[in-house]
Amino acid sequence: MNSRSSRSSSFCALSHNYPASLQKSLHTVSSLTPLSPIALALSMMLAAPAFADDTASAKGAKGELPEVVVTGVSGNEPSTEKTGAYTARKSNSATRLDLSLRETPQSISVVTRAKMDDFKQVSANDVLANTTGVSVEKVETDRTYYMARGFDIVNFQYDGVGIPFTGGNVAGDIDTAIYDRVDIVRGANGLMSSTGNPSATVNFMRKRPVYQFQASAGLTLGSWNTRRLDADVSGALNSAGTVAGRIVVAKQAGDSYLDRYSPEKTVVYGVIEANLGDATVLSVGHSHQKSDAKGGMWGALPLYYTDGSPTNYRTSTSTAADWSRWLTQDDRSFVELSHQLNNDWQIRTTLSRNRSTADSKLFYVYGTPDRSTGLGLYSYPSLYNDVNTQTLFDLSASGKFALAGRKHDLSFGINWSKSKMDDISHYGVGIGTALPDISNWTGNYPQPAFNAYTDGSAYEDTRKTAFIASRFNLADQFKLILGANHTKAESTGFAYGVSSQKNASKTTPYLGVIYDLTPYASVYASHTEIFNPQSEVDVSGKTLDPVKGKGDELGIKLELFERKLNLSVAVFKIQQNNAAEQAGYVGTKSYYRGIDAQSQGVELDASGELTKGWNLSAGYTQLSLKGSNDLDVKTYVPRKLFRLSSTYQLPFMPQAKVGGSLNWQSDIFRDEGSGNIIRQGSYATMNLMARYDVNQNLSISANLNNVSDQKYLTSLYWSQGYYAAPRNGSVAVNWKY
C-alpha cells in the first residue's frame, strides 16, 4: 500500500464544470429559429448546471467567444452508429490529419458503438479490458489504473481534447452511453497529448445530433438485481432543419457479487448543433454523471499470510465497513465552433469547462493475517472530499497545400489548460484498531468521528501547447509525416505537506514514413516522444528532471475485403527515462532517484467484417519489460495478452445474431520481499451474447459473462487485491424508432 499521503492525494477524479459564456451561446442558438419542445428541454438541461465558478474566469470566457465565432472548425469524424461495423475507415486521434487507419504510422484500435452494444460494454473498464494491448488494473472497486506497453495510461481525451489524470487513475466509473466510439492510440503520443507516458492515449468520441428524428430505449436486467435503463432521442429542432439536438439518459442500480457493495449511477447528456451558415457549425453540450457506490472497498484484501502462503478468500469477500460510501460527480461542458474556409481548409475551436467532485467515507484494512486465526489486520477509517476543476481551450486548423506539383496535408494549432485540485482528508478516531478474521466479516464496525486530524492538498497545473504536423506526399506510394509539439507545463501548490512545484518545457518530435505496397497494403515506421514534469527531489533537494518517453514502431497495415477489415502487425520499442523512485529519507522527508525502463515487443490487431454478417475484433500483444539493470520490472504487468470478440448474423435466420469474446493473459507476480511472492496464474475468460430482432423496432438480447466461472484477482498493481466477478448474465429489451 502507498503512504498515507499518496493514498489520500490520489483520491482525485477526472473532473468537470462550465463557463458562463455557454449561456450566451444557448441564447444565440435559441434565437435563430422557433424551437420545438425537444429544443426547449435541451436548452433548459444545458443551462441548468451552475457555471458560476469565479467571476474572473467567466468574464475571460465571455471575452474569448467572439474569437471563437470568427475561427470555428468542424472536425467531428463520421459516426459509427447504425453501421454495425467493428472498425472505422479513418481516425485523426494520432495526428489530427484526416488519415485512414492504414495511413496512420502508429498502432490504433477503434471500439465502435456496435461492439459496445453487442457485448454490453457500459463502462470504460469494459471497453479497455477488451482492447488490444491494454490491461485494466482494478485496484479497488471504485478506482482504476490502465496500462499499455508496460506503462500507465494517464491521457483520456474527449473529442480530441484533454489533459492528464490529476491523480494518475480514474475514480468512479466512466459510463459509455454518450459515446459513439473510442479510439486507442498506443505508444508515445506526444504530438496530441503533450505530457504523459509512452503508453497510449484514449480518445472518447461523443454522440452527435442527427437531423432526421430517431429515438431508442432499452431496459436491462442482470445478475445481483442489476437494473439499467437507457434512452436516446435526437432530431431537428426547427422546421428549416438547421438546428438539431440530442438527449442521452442512462440509469443503473443494483447490488453486487461483493458483500455490502451496491453501485448506482445516473448519466445525462445533451447537445445542440446549429448551422450558422453554409460553412459554420456551432455545438454546445453538457454531460453529467453521478455515481454513488455504497460499500465500496478502499484498498482490498491481503494476499498472503504471515507464513508467506497465499490467502484464498471467498470471491465475495470485502473489507468495506457497512457505512462505507464513495460518491463522485462529473460534469463536462463544451462549446465548439467549426468553420470550413474552403474545400481544403477548416478551423475548429473548443472551449471546455469540467468539474469533478468526490465525497467519501472509507474503511481501509492493513496488516498481514495469521493463517490459523485470521487475526493481524487493523482499521484505518477516513473521510475525504475533493474538487477538481479544469478549463481547456483548443484551436486548430487543418487542410491541404500545394508544393512541388503535389498536394500535401497540414494540421497545426494551440491549446491551453488549467487544472485546479483541492482536497481534504479527515482521519477517523480509532486508526489501528484490531479487526476480527475478515473471512466471514459482516462489515460491522462503528462509524467513528472523523476528527483525529486533517490533511490535504491544493495545487494548480497549467499547460500551454503549440503543435504542427504535415503529411508530405513525396510520391504516389511514399508519404512522410513530420510533426512537433512544444509544451510548457507549470504546477504550484502542495500535496499532503509535499511541494507540487514543477516547471518544465520541451519540444517533442513526431516522425512517420508510410510506403504503399499496394492500394490496400502499407509498411510504416514511426518515432514518437513525450515527457512529463516531476516535483520529486533528489538527495540534494534538487527537483528531478522531467520523465522522458519515446517510442519506435515498425509495421505493416492492410485493408481487406473491400476495406471492411483493418489488419496490422507491429514491432515496437518503448523507452522511459528518469521516472521517480523513492530512494530513501533525509530526516523525515523522502528523496528520489530517476530510473529507466524499456519495453519491446510485437502486436497484432484486426477489426472489421470478415464476410457479410461476420464481425471481428482481435489482438495479441507480447512484450518484455526491463529496468536499467536489465532485470524484469513491473512484473504485475502481463507479458502476453490476447483479445477476441466476434459476432455472426445467422444467414438462415438474419434477424438473429450470436457471438462471443475471449480474453487471456499470461501469469503475473509481485515480489513483496522477505520471500513473499504473490502470484496470479494465467487465465482466460469467455463471454457469450445473442440477439434477436423481433421486428425493425424491437429486439431482445442476452449476455453471459465469465462462462467458466473463473476465479482470479483483478490486479497485482498494489500489494492488495480482490476477486473479479464470477459467472453472471443479463437480458435486455431494446426499442428503436
# chains A, B, ... in the order shown; residues from 1 in each chain; ligands from 1
call {"tool": "residues_around", "arguments": {"residues": "region 133-147 of chain A", "least_positions_apart": "2", "cutoff": "7 Å", "atoms": "only C-alpha atoms", "output": "list of chain:residue names"}}
result
A:Asn125, A:Leu128, A:Ala129, A:Thr131, A:Arg149, A:Gly150, A:Phe151, A:Asp152, A:Ile153, A:Asn169, A:Val170, A:Ala171, A:Gly172, A:Asp173, A:Ser199, A:Gly296, A:Met297, A:Trp298, A:Gly299, A:Ala300, A:Thr621, A:Leu641, A:Thr714, A:Ser715, A:Tyr717, A:Trp718, A:Gly721
call {"tool": "residues_around", "arguments": {"residues": "Ile481 (chain A)", "least_positions_apart": "5", "cutoff": "12 Å", "atoms": "only C-alpha atoms", "output": "PyMOL selection string"}}
result
chain A and resi 94-97+99+103-106+191+408-411+468-474+509-515+524-528
call {"tool": "closest_residue", "arguments": {"among": "A:Ser223, A:Thr647, A:Asn415, A:Asn238", "to": "Ser256 (chain A)", "atoms": "only C-alpha atoms"}}
result
A:Ser223
call {"tool": "residues_around", "arguments": {"residues": "region 370-377 of chain A", "least_positions_apart": "5", "cutoff": "6 Å", "atoms": "only C-alpha atoms", "output": "PDB file with N, CA and C atoms, in the first residue's frame"}}
result
ATOM      1  N   TYR A 305      -0.429 -14.679   3.943  1.00  0.00           N
ATOM      2  CA  TYR A 305      -0.410 -14.814   5.404  1.00  0.00           C
ATOM      3  C   TYR A 305       0.999 -14.545   5.939  1.00  0.00           C
ATOM      4  N   THR A 306       1.102 -14.504   7.262  1.00  0.00           N
ATOM      5  CA  THR A 306       2.398 -14.241   7.894  1.00  0.00           C
ATOM      6  C   THR A 306       3.424 -15.325   7.565  1.00  0.00           C
ATOM      7  N   LEU A 435      -8.886  -5.963  14.081  1.00  0.00           N
ATOM      8  CA  LEU A 435     -10.100  -6.465  13.448  1.00  0.00           C
ATOM      9  C   LEU A 435     -10.200  -7.977  13.581  1.00  0.00           C
ATOM     10  N   PRO A 436     -11.412  -8.521  13.508  1.00  0.00           N
ATOM     11  CA  PRO A 436     -11.562  -9.980  13.505  1.00  0.00           C
ATOM     12  C   PRO A 436     -11.162 -10.552  12.145  1.00  0.00           C
ATOM     13  N   ASP A 437     -11.170 -11.848  12.049  1.00  0.00           N
ATOM     14  CA  ASP A 437     -10.940 -12.536  10.778  1.00  0.00           C
ATOM     15  C   ASP A 437     -11.975 -12.040   9.757  1.00  0.00           C
TER      16      ASP A 437
END
call {"tool": "residues_around", "arguments": {"residues": "region 597-601 of chain A", "least_positions_apart": "3", "cutoff": "12 Å", "atoms": "only C-alpha atoms", "output": "PyMOL selection string"}}
result
chain A and resi 133+148-151+187+197-199+547-555+569-581+594+604+620-634+637+639-641
call {"tool": "write_last_selection", "arguments": {"atoms": "C-alpha atoms", "output": "CSV table (one decimal), in the first residue's frame"}}
result
chain,number,residue,atom,x,y,z
A,133,GLY,CA,-2.6,-4.2,-25.7
A,148,ALA,CA,-0.3,-0.3,-22.2
A,149,ARG,CA,3.1,-1.5,-23.4
A,150,GLY,CA,4.2,-1.6,-19.8
A,151,PHE,CA,3.4,2.0,-18.7
A,187,GLY,CA,2.8,4.4,-27.9
A,197,ASN,CA,3.7,8.4,-20.5
A,198,PRO,CA,4.8,6.4,-23.6
A,199,SER,CA,1.8,4.1,-23.2
A,547,VAL,CA,10.4,11.9,-17.3
A,548,LYS,CA,11.2,11.3,-20.9
A,549,GLY,CA,9.5,8.7,-23.1
A,550,LYS,CA,10.0,7.7,-26.7
A,551,GLY,CA,8.7,5.0,-28.9
A,552,ASP,CA,9.8,3.4,-32.2
A,553,GLU,CA,7.5,1.3,-34.2
A,554,LEU,CA,7.7,-0.7,-37.4
A,555,GLY,CA,4.8,-2.5,-39.0
A,569,VAL,CA,1.2,-6.2,-37.4
A,570,ALA,CA,3.8,-4.1,-35.5
A,571,VAL,CA,7.0,-4.4,-33.6
A,572,PHE,CA,7.7,-1.7,-31.0
A,573,LYS,CA,10.4,-0.5,-28.6
A,574,ILE,CA,9.4,1.9,-25.8
A,575,GLN,CA,11.9,3.7,-23.5
A,576,GLN,CA,11.1,5.7,-20.4
A,577,ASN,CA,13.9,7.5,-18.6
A,578,ASN,CA,14.2,9.2,-15.2
A,579,ALA,CA,10.9,8.1,-13.7
A,580,ALA,CA,11.0,9.0,-9.9
A,581,GLU,CA,11.5,6.1,-7.5
A,594,GLY,CA,15.4,8.6,-11.6
A,604,LEU,CA,-1.2,-7.9,-33.9
A,620,TYR,CA,-2.4,-10.2,-29.5
A,621,THR,CA,0.4,-8.4,-27.6
A,622,GLN,CA,3.7,-9.9,-26.4
A,623,LEU,CA,6.4,-7.8,-24.7
A,624,SER,CA,9.4,-7.8,-22.4
A,625,LEU,CA,9.8,-5.1,-19.7
A,626,LYS,CA,13.3,-4.4,-18.3
A,627,GLY,CA,14.8,-1.9,-16.0
A,628,SER,CA,18.2,-0.2,-16.3
A,629,ASN,CA,19.9,-3.2,-14.8
A,630,ASP,CA,18.3,-5.5,-17.4
A,631,LEU,CA,16.1,-7.2,-14.8
A,632,ASP,CA,12.4,-7.7,-15.2
A,633,VAL,CA,10.4,-4.8,-13.7
A,634,LYS,CA,6.7,-4.3,-13.2
A,637,VAL,CA,2.1,-6.4,-16.0
A,639,ARG,CA,3.7,-10.1,-20.8
A,640,LYS,CA,1.2,-11.6,-23.1
A,641,LEU,CA,-2.4,-10.5,-23.8
call {"tool": "closest_residue", "arguments": {"among": "A:Tyr722, A:Trp326, A:Tyr712, A:Trp416", "to": "Thr357 (chain A)", "atoms": "only C-alpha atoms"}}
result
A:Trp326
call {"tool": "atom_distance", "arguments": {"atom1": "CA of Ala321 (chain A)", "atom2": "CA of Tyr364 (chain A)"}}
result
8.9 Å
call {"tool": "residues_around", "arguments": {"residues": "Lys294 (chain A)", "least_positions_apart": "2", "cutoff": "8 Å", "atoms": "only C-alpha atoms", "output": "MDAnalysis selection string"}}
result
chainID A and resid 260:263 292 296 323:326
call {"tool": "residues_around", "arguments": {"residues": "Phe412 (chain A)", "least_positions_apart": "3", "cutoff": "6 Å", "atoms": "only C-alpha atoms", "output": "ChimeraX atom specification"}}
result
/A:396-397,467-468
call {"tool": "closest_residue", "arguments": {"among": "A:Arg463, A:Lys589, A:Lys557, A:Lys564", "to": "Gly497 (chain A)", "atoms": "only C-alpha atoms"}}
result
A:Lys589
call {"tool": "select_by_dssp", "arguments": {"residues": "region 213-452 of chain A", "states": "helix (DSSP H, G or I)", "output": "JSON, numbers by chain"}}
result
{"A": [223, 224, 225, 438, 439, 440]}
call {"tool": "residues_around", "arguments": {"residues": "Asn695 (chain A)", "least_positions_apart": "4", "cutoff": "10 Å", "atoms": "only C-alpha atoms", "output": "PyMOL selection string"}}
result
chain A and resi 655+699+735
call {"tool": "atom_distance", "arguments": {"atom1": "CA of Ala88 (chain A)", "atom2": "CA of Val110 (chain A)"}}
result
6.7 Å
call {"tool": "select_by_dssp", "arguments": {"residues": "region 298-483 of chain A", "states": "strand (DSSP E or B)", "output": "PyMOL selection string"}}
result
chain A and resi 301-302+304+310+325-340+346-367+377-403+406-427+434+453-473+478-483
call {"tool": "closest_residue", "arguments": {"among": "A:Thr465, A:Thr635, A:Ser79, A:Ser309", "to": "Arg670 (chain A)", "atoms": "only C-alpha atoms"}}
result
A:Thr635
call {"tool": "decode", "arguments": {"residues": "region 215-252 of chain A", "atoms": "N, CA and C atoms", "output": "compact mmCIF listing (two decimals), in the first residue's frame"}}
result
# COMPACT_ATOMS: atom_id res chain seq x y z
N ALA A 215 -35.12 7.73 -32.13
CA ALA A 215 -35.25 7.53 -30.70
C ALA A 215 -35.00 6.06 -30.38
N SER A 216 -34.47 5.81 -29.19
CA SER A 216 -34.26 4.43 -28.75
C SER A 216 -34.35 4.37 -27.24
N ALA A 217 -34.69 3.19 -26.75
CA ALA A 217 -34.76 2.97 -25.31
C ALA A 217 -34.45 1.50 -25.05
N GLY A 218 -33.86 1.24 -23.90
CA GLY A 218 -33.52 -0.13 -23.55
C GLY A 218 -33.64 -0.37 -22.06
N LEU A 219 -34.10 -1.56 -21.71
CA LEU A 219 -34.19 -1.98 -20.32
C LEU A 219 -33.39 -3.27 -20.16
N THR A 220 -32.42 -3.26 -19.22
CA THR A 220 -31.56 -4.41 -18.99
C THR A 220 -31.71 -4.88 -17.55
N LEU A 221 -31.89 -6.18 -17.37
CA LEU A 221 -31.95 -6.80 -16.05
C LEU A 221 -30.81 -7.80 -15.95
N GLY A 222 -30.03 -7.69 -14.87
CA GLY A 222 -28.86 -8.53 -14.76
C GLY A 222 -28.72 -9.19 -13.40
N SER A 223 -27.66 -9.95 -13.26
CA SER A 223 -27.35 -10.64 -12.01
C SER A 223 -27.24 -9.64 -10.86
N TRP A 224 -27.49 -10.12 -9.65
CA TRP A 224 -27.39 -9.33 -8.42
C TRP A 224 -28.33 -8.12 -8.44
N ASN A 225 -29.49 -8.36 -9.03
CA ASN A 225 -30.55 -7.35 -9.02
C ASN A 225 -30.14 -6.06 -9.75
N THR A 226 -29.29 -6.19 -10.74
CA THR A 226 -28.86 -5.02 -11.51
C THR A 226 -29.93 -4.63 -12.51
N ARG A 227 -30.27 -3.34 -12.52
CA ARG A 227 -31.26 -2.80 -13.47
C ARG A 227 -30.63 -1.61 -14.17
N ARG A 228 -30.88 -1.51 -15.47
CA ARG A 228 -30.34 -0.40 -16.24
C ARG A 228 -31.39 0.05 -17.26
N LEU A 229 -31.54 1.37 -17.35
CA LEU A 229 -32.45 1.96 -18.32
C LEU A 229 -31.67 2.95 -19.17
N ASP A 230 -31.80 2.84 -20.50
CA ASP A 230 -31.14 3.75 -21.44
C ASP A 230 -32.20 4.40 -22.32
N ALA A 231 -32.00 5.68 -22.63
CA ALA A 231 -32.87 6.39 -23.57
C ALA A 231 -32.04 7.37 -24.37
N ASP A 232 -32.39 7.52 -25.66
CA ASP A 232 -31.59 8.35 -26.56
C ASP A 232 -32.55 8.93 -27.61
N VAL A 233 -32.65 10.25 -27.66
CA VAL A 233 -33.56 10.92 -28.59
C VAL A 233 -32.79 12.01 -29.33
N SER A 234 -32.97 12.08 -30.65
CA SER A 234 -32.27 13.09 -31.44
C SER A 234 -33.13 13.47 -32.64
N GLY A 235 -32.92 14.68 -33.14
CA GLY A 235 -33.63 15.13 -34.33
C GLY A 235 -33.52 16.62 -34.52
N ALA A 236 -34.08 17.09 -35.63
CA ALA A 236 -34.08 18.53 -35.92
C ALA A 236 -34.97 19.26 -34.94
N LEU A 237 -34.57 20.48 -34.60
CA LEU A 237 -35.31 21.28 -33.63
C LEU A 237 -36.05 22.44 -34.27
N ASN A 238 -35.91 22.60 -35.57
CA ASN A 238 -36.66 23.66 -36.25
C ASN A 238 -37.10 23.16 -37.62
N SER A 239 -38.06 23.85 -38.21
CA SER A 239 -38.62 23.39 -39.49
C SER A 239 -37.63 23.50 -40.62
N ALA A 240 -36.67 24.42 -40.51
CA ALA A 240 -35.68 24.59 -41.57
C ALA A 240 -34.62 23.49 -41.55
N GLY A 241 -34.55 22.74 -40.46
CA GLY A 241 -33.57 21.67 -40.37
C GLY A 241 -32.15 22.17 -40.23
N THR A 242 -31.97 23.34 -39.62
CA THR A 242 -30.62 23.89 -39.44
C THR A 242 -30.12 23.74 -38.01
N VAL A 243 -31.00 23.33 -37.10
CA VAL A 243 -30.62 23.12 -35.71
C VAL A 243 -31.10 21.74 -35.29
N ALA A 244 -30.22 20.99 -34.64
CA ALA A 244 -30.57 19.65 -34.17
C ALA A 244 -30.09 19.47 -32.74
N GLY A 245 -30.73 18.56 -32.04
CA GLY A 245 -30.36 18.30 -30.66
C GLY A 245 -30.38 16.83 -30.34
N ARG A 246 -29.81 16.51 -29.20
CA ARG A 246 -29.79 15.12 -28.77
C ARG A 246 -29.75 15.05 -27.26
N ILE A 247 -30.52 14.13 -26.70
CA ILE A 247 -30.51 13.85 -25.27
C ILE A 247 -30.25 12.36 -25.07
N VAL A 248 -29.30 12.05 -24.20
CA VAL A 248 -29.00 10.66 -23.82
C VAL A 248 -29.10 10.56 -22.30
N VAL A 249 -29.84 9.57 -21.83
CA VAL A 249 -30.01 9.35 -20.40
C VAL A 249 -29.77 7.88 -20.08
N ALA A 250 -29.06 7.62 -18.99
CA ALA A 250 -28.86 6.24 -18.53
C ALA A 250 -28.94 6.21 -17.02
N LYS A 251 -29.56 5.18 -16.50
CA LYS A 251 -29.69 5.00 -15.05
C LYS A 251 -29.43 3.54 -14.74
N GLN A 252 -28.49 3.28 -13.81
CA GLN A 252 -28.17 1.90 -13.45
C GLN A 252 -28.08 1.78 -11.93
